[in-house]
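Asks: Here you go, work_38.txt (compact mmCIF, N, CA and C atoms):
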```txt
# COMPACT_ATOMS: atom_id res chain seq x y z
N ILE P 1 6.89 -17.58 14.52
CA ILE P 1 6.88 -16.71 13.35
C ILE P 1 8.17 -15.91 13.34
N PRO P 2 8.94 -15.99 12.29
CA PRO P 2 10.18 -15.22 12.23
C PRO P 2 9.89 -13.72 12.13
N ILE P 3 10.62 -12.94 12.89
CA ILE P 3 10.43 -11.49 12.88
C ILE P 3 11.49 -10.81 12.02
N PHE P 4 12.73 -11.26 12.15
CA PHE P 4 13.84 -10.63 11.45
C PHE P 4 14.27 -11.50 10.28
N PRO P 5 14.59 -10.89 9.11
CA PRO P 5 14.97 -11.68 7.93
C PRO P 5 16.15 -12.62 8.22
N ASP P 6 17.16 -12.13 8.93
CA ASP P 6 18.32 -12.95 9.29
C ASP P 6 18.64 -12.69 10.76
N PRO P 7 18.08 -13.49 11.67
CA PRO P 7 18.27 -13.24 13.09
C PRO P 7 19.71 -13.44 13.55
N ASN P 8 20.56 -13.99 12.70
CA ASN P 8 21.95 -14.21 13.07
C ASN P 8 22.88 -13.08 12.64
N ASP P 9 22.34 -12.03 12.00
CA ASP P 9 23.18 -10.93 11.54
C ASP P 9 23.46 -9.90 12.64
N ALA P 10 22.77 -10.04 13.78
CA ALA P 10 22.95 -9.11 14.89
C ALA P 10 22.35 -9.74 16.15
N ILE P 11 22.54 -9.05 17.27
CA ILE P 11 21.92 -9.49 18.52
C ILE P 11 20.59 -8.77 18.65
N TYR P 12 19.55 -9.51 18.95
CA TYR P 12 18.22 -8.95 19.19
C TYR P 12 17.76 -9.41 20.56
N PHE P 13 17.58 -8.47 21.49
CA PHE P 13 17.17 -8.79 22.85
C PHE P 13 15.78 -8.22 23.08
N TYR P 14 14.82 -9.12 23.33
CA TYR P 14 13.45 -8.70 23.60
C TYR P 14 13.40 -7.92 24.91
N VAL P 15 12.76 -6.75 24.91
CA VAL P 15 12.62 -5.93 26.12
C VAL P 15 11.19 -6.03 26.65
N THR P 16 10.21 -5.69 25.82
CA THR P 16 8.81 -5.72 26.24
C THR P 16 7.93 -5.54 25.01
N ASN P 17 6.64 -5.60 25.24
CA ASN P 17 5.70 -5.28 24.16
C ASN P 17 4.43 -4.67 24.74
N VAL P 18 3.77 -3.89 23.92
CA VAL P 18 2.45 -3.36 24.21
C VAL P 18 1.59 -3.78 23.04
N GLY P 19 0.71 -4.74 23.29
CA GLY P 19 -0.10 -5.29 22.20
C GLY P 19 0.79 -5.91 21.15
N SER P 20 0.64 -5.47 19.92
CA SER P 20 1.40 -6.06 18.82
C SER P 20 2.66 -5.27 18.46
N THR P 21 3.05 -4.31 19.32
CA THR P 21 4.28 -3.57 19.12
C THR P 21 5.32 -4.04 20.13
N PHE P 22 6.44 -4.54 19.62
CA PHE P 22 7.49 -5.13 20.44
C PHE P 22 8.71 -4.21 20.45
N LEU P 23 9.40 -4.16 21.60
CA LEU P 23 10.60 -3.35 21.74
C LEU P 23 11.80 -4.29 21.89
N PHE P 24 12.82 -4.09 21.06
CA PHE P 24 14.03 -4.89 21.08
C PHE P 24 15.25 -3.99 21.22
N GLN P 25 16.25 -4.48 21.94
CA GLN P 25 17.57 -3.87 21.95
C GLN P 25 18.38 -4.63 20.91
N THR P 26 19.14 -3.91 20.09
CA THR P 26 19.90 -4.57 19.04
C THR P 26 21.21 -3.84 18.76
N ASN P 27 22.14 -4.55 18.14
CA ASN P 27 23.36 -3.93 17.65
C ASN P 27 23.39 -3.93 16.11
N LYS P 28 22.24 -4.19 15.50
CA LYS P 28 22.12 -4.19 14.04
C LYS P 28 22.39 -2.77 13.52
N ASP P 29 23.45 -2.61 12.74
CA ASP P 29 23.85 -1.31 12.19
C ASP P 29 24.09 -0.28 13.29
N ALA P 30 24.44 -0.74 14.51
CA ALA P 30 24.67 0.16 15.64
C ALA P 30 25.59 -0.55 16.64
N SER P 31 26.88 -0.38 16.48
CA SER P 31 27.83 -1.11 17.33
C SER P 31 27.70 -0.75 18.81
N LYS P 32 27.17 0.44 19.11
CA LYS P 32 26.97 0.85 20.50
C LYS P 32 25.55 0.54 20.98
N GLY P 33 24.74 -0.02 20.11
CA GLY P 33 23.38 -0.44 20.47
C GLY P 33 22.34 0.62 20.17
N LYS P 34 21.12 0.16 19.98
CA LYS P 34 19.96 1.04 19.79
C LYS P 34 18.72 0.24 20.16
N LEU P 35 17.59 0.92 20.28
CA LEU P 35 16.32 0.26 20.55
C LEU P 35 15.43 0.42 19.32
N ILE P 36 14.77 -0.67 18.95
CA ILE P 36 13.87 -0.65 17.80
C ILE P 36 12.50 -1.15 18.21
N THR P 37 11.48 -0.70 17.50
CA THR P 37 10.15 -1.24 17.69
C THR P 37 9.79 -2.06 16.46
N VAL P 38 9.08 -3.15 16.72
CA VAL P 38 8.63 -4.04 15.66
C VAL P 38 7.13 -4.19 15.80
N LYS P 39 6.39 -3.76 14.79
CA LYS P 39 4.94 -3.92 14.80
C LYS P 39 4.62 -5.21 14.06
N VAL P 40 3.93 -6.12 14.76
CA VAL P 40 3.63 -7.44 14.23
C VAL P 40 2.18 -7.47 13.75
N ASN P 41 1.98 -8.06 12.56
CA ASN P 41 0.62 -8.26 12.04
C ASN P 41 -0.01 -9.43 12.80
N THR P 42 -1.05 -9.16 13.54
CA THR P 42 -1.71 -10.22 14.30
C THR P 42 -2.73 -10.98 13.46
N HIS P 43 -3.01 -10.49 12.26
CA HIS P 43 -4.02 -11.14 11.42
C HIS P 43 -3.43 -12.18 10.46
N CYS P 44 -2.11 -12.32 10.43
CA CYS P 44 -1.50 -13.34 9.58
C CYS P 44 -1.83 -14.73 10.10
N GLN P 45 -2.19 -15.61 9.21
CA GLN P 45 -2.54 -16.97 9.58
C GLN P 45 -1.37 -17.91 9.33
N PRO P 46 -1.00 -18.73 10.33
CA PRO P 46 0.08 -19.70 10.11
C PRO P 46 -0.29 -20.69 9.02
N SER P 47 0.72 -21.13 8.27
CA SER P 47 0.49 -22.16 7.26
C SER P 47 0.48 -23.52 7.96
N SER P 48 0.40 -24.56 7.18
CA SER P 48 0.39 -25.91 7.75
C SER P 48 1.75 -26.29 8.33
N LYS P 49 2.82 -25.61 7.88
CA LYS P 49 4.15 -25.88 8.41
C LYS P 49 4.33 -25.08 9.70
N GLU P 50 4.94 -25.71 10.68
CA GLU P 50 5.12 -25.08 11.99
C GLU P 50 5.98 -23.82 11.88
N ASN P 51 5.54 -22.74 12.55
CA ASN P 51 6.25 -21.47 12.65
C ASN P 51 6.44 -20.75 11.32
N GLU P 52 5.62 -21.03 10.34
CA GLU P 52 5.71 -20.31 9.07
C GLU P 52 4.39 -19.62 8.80
N VAL P 53 4.46 -18.48 8.14
CA VAL P 53 3.26 -17.75 7.77
C VAL P 53 3.03 -17.94 6.28
N ASP P 54 1.78 -18.21 5.91
CA ASP P 54 1.44 -18.41 4.51
C ASP P 54 1.32 -17.04 3.85
N SER P 55 2.37 -16.62 3.16
CA SER P 55 2.37 -15.30 2.55
C SER P 55 1.54 -15.25 1.26
N THR P 56 1.03 -16.37 0.82
CA THR P 56 0.21 -16.38 -0.39
C THR P 56 -1.20 -15.88 -0.11
N LYS P 57 -1.60 -15.85 1.16
CA LYS P 57 -2.93 -15.37 1.51
C LYS P 57 -2.91 -13.86 1.69
N GLY P 58 -3.12 -13.15 0.61
CA GLY P 58 -3.18 -11.70 0.67
C GLY P 58 -1.83 -11.03 0.87
N GLY P 59 -0.74 -11.73 0.60
CA GLY P 59 0.57 -11.13 0.75
C GLY P 59 0.89 -10.75 2.18
N CYS P 60 0.38 -11.49 3.12
CA CYS P 60 0.54 -11.17 4.53
C CYS P 60 1.99 -11.39 4.99
N SER P 61 2.53 -10.38 5.65
CA SER P 61 3.86 -10.47 6.23
C SER P 61 3.70 -10.42 7.75
N PRO P 62 4.49 -11.21 8.49
CA PRO P 62 4.33 -11.21 9.94
C PRO P 62 4.73 -9.89 10.59
N VAL P 63 5.53 -9.06 9.89
CA VAL P 63 5.97 -7.78 10.44
C VAL P 63 5.47 -6.66 9.54
N SER P 64 4.78 -5.67 10.13
CA SER P 64 4.31 -4.55 9.31
C SER P 64 5.31 -3.40 9.28
N SER P 65 6.13 -3.25 10.36
CA SER P 65 7.15 -2.20 10.34
C SER P 65 8.21 -2.46 11.41
N ILE P 66 9.43 -2.01 11.11
CA ILE P 66 10.52 -1.99 12.07
C ILE P 66 11.06 -0.56 12.05
N THR P 67 11.01 0.11 13.21
CA THR P 67 11.48 1.49 13.28
C THR P 67 12.43 1.66 14.46
N THR P 68 13.29 2.67 14.34
CA THR P 68 14.22 2.98 15.43
C THR P 68 13.48 3.76 16.50
N PHE P 69 13.59 3.30 17.73
CA PHE P 69 12.96 3.95 18.88
C PHE P 69 13.96 4.89 19.56
N ILE P 70 15.17 4.41 19.81
CA ILE P 70 16.26 5.24 20.33
C ILE P 70 17.49 4.98 19.47
N GLU P 71 17.99 6.04 18.85
CA GLU P 71 19.14 5.96 17.96
C GLU P 71 20.41 5.57 18.73
N GLU P 72 21.39 5.07 18.00
CA GLU P 72 22.70 4.81 18.58
C GLU P 72 23.35 6.13 18.96
N SER P 73 23.94 6.17 20.15
CA SER P 73 24.66 7.36 20.61
C SER P 73 26.07 7.35 20.02
N LYS P 74 26.62 8.53 19.81
CA LYS P 74 28.00 8.61 19.31
C LYS P 74 29.00 8.35 20.42
N THR P 75 28.59 8.57 21.69
CA THR P 75 29.53 8.46 22.80
C THR P 75 29.16 7.42 23.85
N LYS P 76 27.91 7.04 23.94
CA LYS P 76 27.47 6.12 24.99
C LYS P 76 27.01 4.80 24.40
N VAL P 77 27.18 3.74 25.20
CA VAL P 77 26.78 2.39 24.79
C VAL P 77 25.48 2.03 25.51
N ILE P 78 24.55 1.46 24.79
CA ILE P 78 23.34 0.94 25.43
C ILE P 78 23.65 -0.50 25.84
N ASP P 79 23.91 -0.68 27.14
CA ASP P 79 24.25 -2.01 27.67
C ASP P 79 23.02 -2.85 27.94
N TRP P 80 21.94 -2.20 28.36
CA TRP P 80 20.73 -2.94 28.73
C TRP P 80 19.53 -2.01 28.64
N ALA P 81 18.37 -2.61 28.61
CA ALA P 81 17.11 -1.87 28.60
C ALA P 81 16.09 -2.69 29.38
N LEU P 82 15.31 -1.99 30.19
CA LEU P 82 14.26 -2.65 30.98
C LEU P 82 12.97 -1.86 30.84
N PRO P 83 11.83 -2.55 30.81
CA PRO P 83 10.56 -1.83 30.78
C PRO P 83 10.23 -1.30 32.17
N PHE P 84 9.45 -0.25 32.22
CA PHE P 84 8.96 0.26 33.50
C PHE P 84 7.54 0.74 33.32
N ASP P 85 6.84 0.85 34.43
CA ASP P 85 5.45 1.27 34.41
C ASP P 85 5.30 2.38 35.43
N ARG P 86 4.62 3.45 35.04
CA ARG P 86 4.42 4.55 35.99
C ARG P 86 3.27 4.26 36.90
```
As structure tokens - that is how I would like this structure written.
Replies:
Amino acid sequence: IPIFPDPNDAIYFYVTNVGSTFLFQTNKDASKGKLITVKVNTHCQPSSKENEVDSTKGGCSPVSSITTFIEESKTKVIDWALPFDR
């Protein structure tokens, strides 16, 4: 299921997820990097075509929201991100 409208417009690096909320590191609109969260609709049903979602069934979109988790810094670069557990 595609998450980003144009995955080639920036670098998207998967970091981790908790349930249907995914954390990505990206340089989309942030040359020094930022972290974003992507909430995925788990109720969307795939169509008969592989890796596509049938948006005609209730207007279902595979992504319900994309929000900034950590903004781009004016002075520091986000080189990497790793999940941790307390």
Asks: For a quick check of understanding, using only C-alpha atoms, which of P:Lys39, P:Lys28, P:Lys74, P:Lys34 has the smallest distance to P:Pro7?
Replies: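 For P:Pro7, the nearest of the candidates is P:Lys28.
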Asks: Set the distance at 9 Å and use only C-alpha atoms: which residues neighbour P:Ala10 once local chain neighbours fewer than 5 positions away are removed? I'd like the list as an mmCIF file with N, CA and C atoms, in the coordinates of the input.
Replies:
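Final output, out14.cif:
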```cif
data_model
loop_
_atom_site.group_PDB
_atom_site.id
_atom_site.type_symbol
_atom_site.label_atom_id
_atom_site.label_comp_id
_atom_site.auth_asym_id
_atom_site.auth_seq_id
_atom_site.Cartn_x
_atom_site.Cartn_y
_atom_site.Cartn_z
ATOM 1 N N THR P 26 19.140 -3.910 20.090
ATOM 2 C CA THR P 26 19.900 -4.570 19.040
ATOM 3 C C THR P 26 21.210 -3.840 18.760
ATOM 4 N N ASN P 27 22.140 -4.550 18.140
ATOM 5 C CA ASN P 27 23.360 -3.930 17.650
ATOM 6 C C ASN P 27 23.390 -3.930 16.110
ATOM 7 N N LYS P 28 22.240 -4.190 15.500
ATOM 8 C CA LYS P 28 22.120 -4.190 14.040
ATOM 9 C C LYS P 28 22.390 -2.770 13.520
ATOM 10 N N ASP P 29 23.450 -2.610 12.740
ATOM 11 C CA ASP P 29 23.850 -1.310 12.190
ATOM 12 C C ASP P 29 24.090 -0.280 13.290
#
```
Asks: Hey, what does DSSP flag as strand (DSSP E or B) within chain P? Can you give it to me as number ranges by chain?
Replies: P: 12-18, 21-26, 34-40, 46, 53, 63-70
Asks: What does the distance between atom C of P:Gln25 and atom C of P:Ala81 come to in Å, to one decimal place?
Replies: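 Between atom C of P:Gln25 and atom C of P:Ala81 the gap works out to 9.0 Å.
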Asks: Using atom CA of P:Phe22 and atom CA of P:Thr68 as the two end points, give the distance in Å to one decimal.
Replies: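 Answer for the atom CA of P:Phe22 to atom CA of P:Thr68 separation: 11.7 Å.
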